[in-house]
file work.pdb (PDB, C-alpha atoms and all ligand atoms)
MODEL        1
ATOM      1  CA  MET A 388     -14.910   6.813  14.467
ATOM      2  CA  LYS A 389     -11.135   7.179  14.075
ATOM      3  CA  TYR A 390      -9.077   4.497  12.386
ATOM      4  CA  ASN A 391      -5.464   4.186  13.484
ATOM      5  CA  ILE A 392      -3.028   2.915  10.916
ATOM      6  CA  GLY A 393       0.656   3.065  10.025
ATOM      7  CA  VAL A 394       1.704   3.505   6.392
ATOM      8  CA  LEU A 395       4.852   2.393   4.552
ATOM      9  CA  ILE A 396       5.798   4.200   1.345
ATOM     10  CA  SER A 397       8.708   4.422  -1.078
ATOM     11  CA  GLY A 398       7.617   7.038  -3.593
ATOM     12  CA  ASP A 399       5.063   9.701  -4.509
ATOM     13  CA  GLY A 400       2.551   8.974  -1.777
ATOM     14  CA  SER A 401      -0.557   9.766  -3.798
ATOM     15  CA  ASN A 402      -2.340   6.859  -2.112
ATOM     16  CA  LEU A 403      -1.141   8.066   1.279
ATOM     17  CA  ASN A 404      -2.700  11.406   0.396
ATOM     18  CA  ALA A 405      -6.010   9.755  -0.530
ATOM     19  CA  ILE A 406      -5.985   7.809   2.750
ATOM     20  CA  ILE A 407      -5.378  10.984   4.781
ATOM     21  CA  ASN A 408      -8.064  12.886   2.846
ATOM     22  CA  ASN A 409     -10.580  10.177   3.670
ATOM     23  CA  GLY A 410     -10.260  10.854   7.374
ATOM     24  CA  ILE A 411      -8.224   7.778   8.267
ATOM     25  CA  ASN A 412      -5.922   8.503  11.172
ATOM     26  CA  VAL A 413      -2.385   7.870   9.941
ATOM     27  CA  LYS A 414      -0.267   7.725  13.090
ATOM     28  CA  PHE A 415       3.115   7.323  11.379
ATOM     29  CA  VAL A 416       4.672   7.064   7.932
ATOM     30  CA  VAL A 417       7.832   5.055   7.341
ATOM     31  CA  SER A 418       9.912   4.955   4.177
ATOM     32  CA  ASN A 419      13.003   3.122   3.009
ATOM     33  CA  ASN A 420      13.682   6.108   0.755
ATOM     34  CA  GLN A 421      14.591   9.407   2.365
ATOM     35  CA  ASN A 422      13.726  11.248  -0.883
ATOM     36  CA  ALA A 423      10.210   9.793  -1.159
ATOM     37  CA  ARG A 424       7.888  12.641  -2.121
ATOM     38  CA  GLY A 425       5.173  11.133   0.034
ATOM     39  CA  LEU A 426       7.160  12.114   3.125
ATOM     40  CA  LEU A 427       6.356  15.757   2.345
ATOM     41  CA  ILE A 428       2.637  14.921   2.258
ATOM     42  CA  ALA A 429       2.934  13.321   5.698
ATOM     43  CA  LYS A 430       4.870  16.278   7.109
ATOM     44  CA  LYS A 431       2.315  18.737   5.703
ATOM     45  CA  ASN A 432      -0.333  16.822   7.649
ATOM     46  CA  ASN A 433       1.757  16.781  10.837
ATOM     47  CA  ILE A 434       2.217  13.028  10.716
ATOM     48  CA  PRO A 435       5.492  11.740  12.201
ATOM     49  CA  VAL A 436       7.816  10.390   9.496
ATOM     50  CA  TYR A 437      10.732   7.988   9.812
ATOM     51  CA  THR A 438      13.169   6.752   7.179
ATOM     52  CA  PHE A 439      15.364   3.661   7.412
ATOM     53  CA  LYS A 440      17.449   2.482   4.502
ATOM     54  CA  ASN A 441      18.209  -0.904   6.018
ATOM     55  CA  LEU A 442      15.196  -3.224   5.847
ATOM     56  CA  LEU A 443      15.952  -5.122   9.065
ATOM     57  CA  ILE A 444      16.244  -1.885  10.997
ATOM     58  CA  LEU A 445      13.102  -0.560   9.298
ATOM     59  CA  GLU A 446      11.141  -3.645  10.362
ATOM     60  CA  ALA A 447      12.393  -3.469  13.951
ATOM     61  CA  GLU A 448      11.480   0.207  14.181
ATOM     62  CA  VAL A 449       8.053  -0.323  12.586
ATOM     63  CA  SER A 450       7.324  -3.008  15.205
ATOM     64  CA  LYS A 451       8.082  -0.471  17.926
ATOM     65  CA  LEU A 452       5.974   2.213  16.217
ATOM     66  CA  ILE A 453       2.972  -0.125  15.958
ATOM     67  CA  LEU A 454       3.127  -0.695  19.711
ATOM     68  CA  HIS A 455       3.823   2.927  20.517
ATOM     69  CA  TYR A 456       0.985   4.354  18.403
ATOM     70  CA  ASN A 457      -1.338   1.394  18.958
ATOM     71  CA  THR A 458      -2.165   1.062  15.257
ATOM     72  CA  GLU A 459      -4.594  -1.573  14.046
ATOM     73  CA  LEU A 460      -3.380  -2.071  10.493
ATOM     74  CA  LEU A 461      -0.105  -1.643   8.611
ATOM     75  CA  VAL A 462      -0.813  -0.308   5.132
ATOM     76  CA  LEU A 463       1.685  -0.595   2.284
ATOM     77  CA  ALA A 464       1.108   2.222  -0.192
ATOM     78  CA  GLY A 465       3.717   2.019  -2.923
ATOM     79  CA  PHE A 466       6.259   0.397  -0.591
ATOM     80  CA  MET A 467       8.756  -1.293  -2.906
ATOM     81  CA  LYS A 468      10.612  -3.607  -0.516
ATOM     82  CA  ILE A 469       9.786  -7.187   0.426
ATOM     83  CA  LEU A 470       9.059  -7.571   4.127
ATOM     84  CA  SER A 471      10.699 -10.533   5.825
ATOM     85  CA  ARG A 472       8.862 -13.665   6.867
ATOM     86  CA  LYS A 473       9.991 -13.078  10.456
ATOM     87  CA  PHE A 474       8.503  -9.577  10.552
ATOM     88  CA  ILE A 475       5.213 -10.633   8.941
ATOM     89  CA  HIS A 476       4.781 -13.498  11.400
ATOM     90  CA  SER A 477       5.615 -11.270  14.354
ATOM     91  CA  LEU A 478       2.421  -9.259  13.754
ATOM     92  CA  PRO A 479      -1.175 -10.443  14.246
ATOM     93  CA  HIS A 480      -2.596 -12.478  11.341
ATOM     94  CA  ASN A 481      -3.915 -10.341   8.437
ATOM     95  CA  SER A 482      -2.737  -7.046   9.868
ATOM     96  CA  ILE A 483      -0.652  -5.945   6.844
ATOM     97  CA  ILE A 484      -2.251  -5.053   3.507
ATOM     98  CA  ASN A 485      -0.823  -4.076   0.140
ATOM     99  CA  LEU A 486      -2.012  -2.387  -3.014
ATOM    100  CA  HIS A 487      -0.837  -3.710  -6.382
ATOM    101  CA  PRO A 488      -1.427  -2.182  -9.826
ATOM    102  CA  SER A 489      -2.607  -5.322 -11.658
ATOM    103  CA  LEU A 490      -5.255  -7.995 -11.391
ATOM    104  CA  LEU A 491      -3.302 -10.505  -9.312
ATOM    105  CA  PRO A 492      -2.162 -13.204  -9.779
ATOM    106  CA  ALA A 493      -1.266 -11.646 -13.141
ATOM    107  CA  PHE A 494       1.836  -9.457 -13.250
ATOM    108  CA  GLN A 495       3.266  -9.864  -9.773
ATOM    109  CA  GLY A 496       6.347  -8.012  -8.598
ATOM    110  CA  LYS A 497       7.851  -4.841  -9.978
ATOM    111  CA  ASN A 498       6.675  -2.907 -13.061
ATOM    112  CA  ALA A 499       3.218  -4.492 -13.122
ATOM    113  CA  ILE A 500       1.837  -1.797 -15.434
ATOM    114  CA  ILE A 501       4.650  -2.224 -17.959
ATOM    115  CA  GLN A 502       4.282  -6.003 -17.764
ATOM    116  CA  ALA A 503       0.566  -5.693 -18.610
ATOM    117  CA  LEU A 504       1.239  -3.322 -21.539
ATOM    118  CA  ASP A 505       4.036  -5.550 -22.882
ATOM    119  CA  TYR A 506       1.857  -8.638 -22.647
ATOM    120  CA  GLY A 507      -0.901  -6.913 -24.609
ATOM    121  CA  VAL A 508      -3.741  -7.777 -22.230
ATOM    122  CA  LYS A 509      -6.981  -5.907 -22.897
ATOM    123  CA  TYR A 510      -7.901  -5.596 -19.238
ATOM    124  CA  THR A 511      -5.900  -4.926 -16.139
ATOM    125  CA  GLY A 512      -6.778  -3.403 -12.786
ATOM    126  CA  ILE A 513      -5.806  -3.121  -9.159
ATOM    127  CA  THR A 514      -5.674  -5.578  -6.286
ATOM    128  CA  ILE A 515      -5.756  -5.069  -2.539
ATOM    129  CA  HIS A 516      -4.476  -8.097  -0.652
ATOM    130  CA  TYR A 517      -3.175  -9.258   2.696
ATOM    131  CA  VAL A 518       0.595  -9.536   2.845
ATOM    132  CA  ASP A 519       2.047 -12.982   3.284
ATOM    133  CA  GLU A 520       5.648 -14.086   2.853
ATOM    134  CA  GLY A 521       5.384 -14.433  -0.934
ATOM    135  CA  ILE A 522       5.586 -11.609  -3.463
ATOM    136  CA  ASP A 523       2.031 -10.363  -4.114
ATOM    137  CA  THR A 524       0.577 -13.755  -3.186
ATOM    138  CA  GLY A 525      -1.501 -13.015  -0.078
ATOM    139  CA  MET A 526      -5.256 -13.479   0.084
ATOM    140  CA  ILE A 527      -7.133 -11.046  -2.147
ATOM    141  CA  ILE A 528      -9.414  -8.582  -0.371
ATOM    142  CA  ASP A 529     -10.722  -6.619  -3.341
ATOM    143  CA  GLN A 530     -10.053  -5.921  -7.015
ATOM    144  CA  LYS A 531     -11.213  -3.489  -9.672
ATOM    145  CA  ILE A 532     -10.951  -4.074 -13.395
ATOM    146  CA  LEU A 533      -9.946  -1.518 -16.007
ATOM    147  CA  SER A 534      -9.741  -1.790 -19.789
ATOM    148  CA  ILE A 535      -6.530  -0.927 -21.600
ATOM    149  CA  ASN A 536      -6.965   1.381 -24.586
ATOM    150  CA  LYS A 537      -5.007   0.853 -27.803
ATOM    151  CA  ASP A 538      -3.206   4.145 -27.403
ATOM    152  CA  ASP A 539      -2.443   3.744 -23.674
ATOM    153  CA  THR A 540       1.113   4.487 -22.580
ATOM    154  CA  PHE A 541       2.602   3.788 -19.156
ATOM    155  CA  ASN A 542       1.699   7.323 -18.080
ATOM    156  CA  THR A 543      -1.933   7.301 -19.244
ATOM    157  CA  LEU A 544      -2.596   3.837 -17.822
ATOM    158  CA  GLN A 545      -0.875   4.586 -14.540
ATOM    159  CA  ALA A 546      -2.919   7.781 -14.167
ATOM    160  CA  ARG A 547      -6.203   5.831 -14.609
ATOM    161  CA  ILE A 548      -5.018   3.110 -12.248
ATOM    162  CA  LYS A 549      -4.183   5.657  -9.571
ATOM    163  CA  ILE A 550      -7.650   7.234  -9.801
ATOM    164  CA  ILE A 551      -9.199   3.831  -9.019
ATOM    165  CA  GLU A 552      -6.669   3.166  -6.258
ATOM    166  CA  HIS A 553      -7.403   6.487  -4.574
ATOM    167  CA  ASN A 554     -11.083   5.524  -4.341
ATOM    168  CA  LEU A 555     -10.850   1.873  -3.433
ATOM    169  CA  TYR A 556      -7.910   1.766  -0.999
ATOM    170  CA  PRO A 557      -9.329   4.158   1.640
ATOM    171  CA  LEU A 558     -12.778   2.517   1.418
ATOM    172  CA  THR A 559     -11.270  -0.926   1.870
ATOM    173  CA  ILE A 560      -9.149   0.190   4.834
ATOM    174  CA  LYS A 561     -12.243   1.603   6.551
ATOM    175  CA  ARG A 562     -14.198  -1.564   5.826
ATOM    176  CA  LEU A 563     -11.453  -3.789   7.267
ATOM    177  CA  LEU A 564     -11.127  -1.713  10.409
ATOM    178  CA  ASP A 565     -14.896  -1.655  10.922
ATOM    179  CA  LYS A 566     -14.880  -5.434  10.609
ATOM    180  CA  LYS A 567     -12.043  -5.786  13.143
ATOM    181  CA  ARG A 568     -14.110  -3.871  15.681
ATOM    182  CA  ASN A 569     -17.365  -5.776  15.215
TER     183      ASN A 569
HETATM  184  C1  LIG B 601       0.670   2.504  -6.756
HETATM  185  O1  LIG B 601       0.175   2.509  -8.071
HETATM  186  C2  LIG B 601       0.709   1.088  -6.219
HETATM  187  O2  LIG B 601      -0.263   0.257  -6.768
HETATM  188  C3  LIG B 601       2.077   0.631  -6.666
HETATM  189  O3  LIG B 601       2.904   1.757  -6.504
HETATM  190  C4  LIG B 601       2.139   2.933  -6.734
HETATM  191  C5  LIG B 601       2.431   3.920  -5.633
HETATM  192  O4  LIG B 601       1.902   5.154  -5.924
HETATM  193  N1  LIG B 601       2.543  -0.455  -5.875
HETATM  194  C6  LIG B 601       3.286  -1.449  -6.348
HETATM  195  O5  LIG B 601       3.666  -1.502  -7.503
HETATM  196  C7  LIG B 601       3.623  -2.535  -5.342
HETATM  197  N2  LIG B 601       4.207  -3.659  -5.969
HETATM  198  P1  LIG B 601       1.872   6.329  -4.841
HETATM  199  O6  LIG B 601       3.262   6.388  -4.219
HETATM  200  O7  LIG B 601       1.553   7.554  -5.638
HETATM  201  O8  LIG B 601       0.811   5.981  -3.841
ENDMDL
END

call {"tool": "encode", "arguments": {"input": "work.pdb", "output": "structure tokens"}}
result
Amino acid sequence: MKYNIGVLISGDGSNLNAIINNGINVKFVVSNNQNARGLLIAKKNNIPVYTFKNLLILEAEVSKLILHYNTELLVLAGFMKILSRKFIHSLPHNSIINLHPSLLPAFQGKNAIIQALDYGVKYTGITIHYVDEGIDTGMIIDQKILSINKDDTFNTLQARIKIIEHNLYPLTIKRLLDKKRN
């Protein structure tokens, strides 16, 4: 069965790549950043890409794209802007999800990996949650824990976090879409 989603990105797009490689049908990719490397991944896979610097315009265009492509879920994959309350409430309940590189509610917002390293926690992880109008506050869908090694740097920890993300995010998206249909 095909799963139709739209994806918002701002950067590398490694999670977008994992989603595509898991057979999920990405109908469009939107970015606020015209230099996002993830846009190249989308283009390579013949997925339509759109970039809008202005967030209000981006939201208005994404609303049109959702209708046009009839997508069931809007997936944030390294999208670094805060969506407006108005936009979130204009879509069906629980139809936007986000991926965050910490065990929420710890280390919300930007630089979650650096925050965890600076704090000296022994465990961190990833969280997949519904998007509400707060910053990383929506209902948690799934989490995975990961221990921090003494010699971890931002790069080594981020690399291990991304490996977990690439497994869990596509599986969770499929699970949510299956649930929507049943
Ligand atoms: C991911 O690690 C994701 O958890 C994080 O950005 C990275 C994007 O990587 N998201 C956030 O920090 C959201 N607050 P990618 O562009 O390679 O998929």

call {"tool": "resolve_selection", "arguments": {"input": "work.pdb", "expression": "the PyMOL selection byres (((chain A and resi 453-465) around 6) and not hetatm)", "output": "list in words"}}
result
Asn391, Ile392, Gly393, Val394, Leu395, Ile396, Ser397, Ser450, Lys451, Leu452, Phe466, Ser482, Ile483, Ile484 and Asn485 of chain A

call {"tool": "atom_distance", "arguments": {"input": "work.pdb", "atom1": "CA of Phe415 in chain A", "atom2": "CA of Glu520 in chain A"}}
result
23.2 Å

call {"tool": "residues_around", "arguments": {"input": "work.pdb", "residues": "range 497-512 of chain A", "least_positions_apart": "2", "cutoff": "8 Å", "atoms": "only C-alpha atoms", "output": "PDB file with C-alpha atoms, in the frame of the given file"}}
result
ATOM      1  CA  MET A 467       8.756  -1.293  -2.906  1.00  0.00           C
ATOM      2  CA  HIS A 487      -0.837  -3.710  -6.382  1.00  0.00           C
ATOM      3  CA  PRO A 488      -1.427  -2.182  -9.826  1.00  0.00           C
ATOM      4  CA  SER A 489      -2.607  -5.322 -11.658  1.00  0.00           C
ATOM      5  CA  LEU A 490      -5.255  -7.995 -11.391  1.00  0.00           C
ATOM      6  CA  PHE A 494       1.836  -9.457 -13.250  1.00  0.00           C
ATOM      7  CA  GLN A 495       3.266  -9.864  -9.773  1.00  0.00           C
ATOM      8  CA  THR A 514      -5.674  -5.578  -6.286  1.00  0.00           C
ATOM      9  CA  GLN A 530     -10.053  -5.921  -7.015  1.00  0.00           C
ATOM     10  CA  LYS A 531     -11.213  -3.489  -9.672  1.00  0.00           C
ATOM     11  CA  ILE A 532     -10.951  -4.074 -13.395  1.00  0.00           C
ATOM     12  CA  LEU A 533      -9.946  -1.518 -16.007  1.00  0.00           C
ATOM     13  CA  SER A 534      -9.741  -1.790 -19.789  1.00  0.00           C
ATOM     14  CA  ILE A 535      -6.530  -0.927 -21.600  1.00  0.00           C
ATOM     15  CA  ASN A 536      -6.965   1.381 -24.586  1.00  0.00           C
ATOM     16  CA  THR A 540       1.113   4.487 -22.580  1.00  0.00           C
ATOM     17  CA  PHE A 541       2.602   3.788 -19.156  1.00  0.00           C
ATOM     18  CA  LEU A 544      -2.596   3.837 -17.822  1.00  0.00           C
ATOM     19  CA  GLN A 545      -0.875   4.586 -14.540  1.00  0.00           C
ATOM     20  CA  ILE A 548      -5.018   3.110 -12.248  1.00  0.00           C
TER      21      ILE A 548
END

call {"tool": "axis_aligned_box", "arguments": {"input": "work.pdb", "around": "range 496-515 of chain A", "padding_each_side": "4 Å", "output": "JSON"}}
result
{"center_x": 0.0, "center_y": -5.2, "center_z": -13.6, "size_x": 23.8, "size_y": 14.8, "size_z": 30.1}

call {"tool": "atom_distance", "arguments": {"input": "work.pdb", "atom1": "CA of Asn481 in chain A", "atom2": "CA of Ile527 in chain A"}}
result
11.1 Å

call {"tool": "atom_distance", "arguments": {"input": "work.pdb", "atom1": "CA of Tyr556 in chain A", "atom2": "CA of Gly398 in chain A"}}
result
16.6 Å

call {"tool": "residues_near_point", "arguments": {"input": "work.pdb", "point": "(8.5, -6.6, -3.2)", "cutoff": "7 Å", "atoms": "all atoms listed in the file", "output": "PDB file with C-alpha atoms, keeping the file's coordinate frame"}}
result
ATOM      1  CA  MET A 467       8.756  -1.293  -2.906  1.00  0.00           C
ATOM      2  CA  LYS A 468      10.612  -3.607  -0.516  1.00  0.00           C
ATOM      3  CA  ILE A 469       9.786  -7.187   0.426  1.00  0.00           C
ATOM      4  CA  GLY A 496       6.347  -8.012  -8.598  1.00  0.00           C
ATOM      5  CA  ILE A 522       5.586 -11.609  -3.463  1.00  0.00           C
TER       6      ILE A 522
END

call {"tool": "closest_residue", "arguments": {"input": "work.pdb", "among": "A:Val449, A:Ala546, A:Ile551, A:Leu470", "to": "Gly521 in chain A", "atoms": "only C-alpha atoms"}}
result
A:Leu470

call {"tool": "closest_residue", "arguments": {"input": "work.pdb", "among": "A:Ile550, A:Tyr517, A:Tyr390, A:His480", "to": "Arg568 in chain A", "atoms": "all atoms listed in the file"}}
result
A:Tyr390

call {"tool": "closest_residue", "arguments": {"input": "work.pdb", "among": "A:Val436, A:Leu555, A:Ile475, A:Val413", "to": "ligand LIG 601 (chain B)", "atoms": "only C-alpha atoms and all ligand atoms"}}
result
A:Leu555

call {"tool": "closest_residue", "arguments": {"input": "work.pdb", "among": "A:Gly400, A:Asp529, A:Leu478, A:Asn432", "to": "Asn412 in chain A", "atoms": "only C-alpha atoms"}}
result
A:Asn432

call {"tool": "closest_residue", "arguments": {"input": "work.pdb", "among": "A:Ile434, A:Arg547, A:Leu426, A:Leu486", "to": "Ile411 in chain A", "atoms": "all atoms listed in the file"}}
result
A:Ile434

call {"tool": "closest_residue", "arguments": {"input": "work.pdb", "among": "A:Asp519, A:Glu552, A:Asp399, A:Asp538", "to": "ligand LIG 601 (chain B)", "atoms": "only C-alpha atoms and all ligand atoms"}}
result
A:Asp399
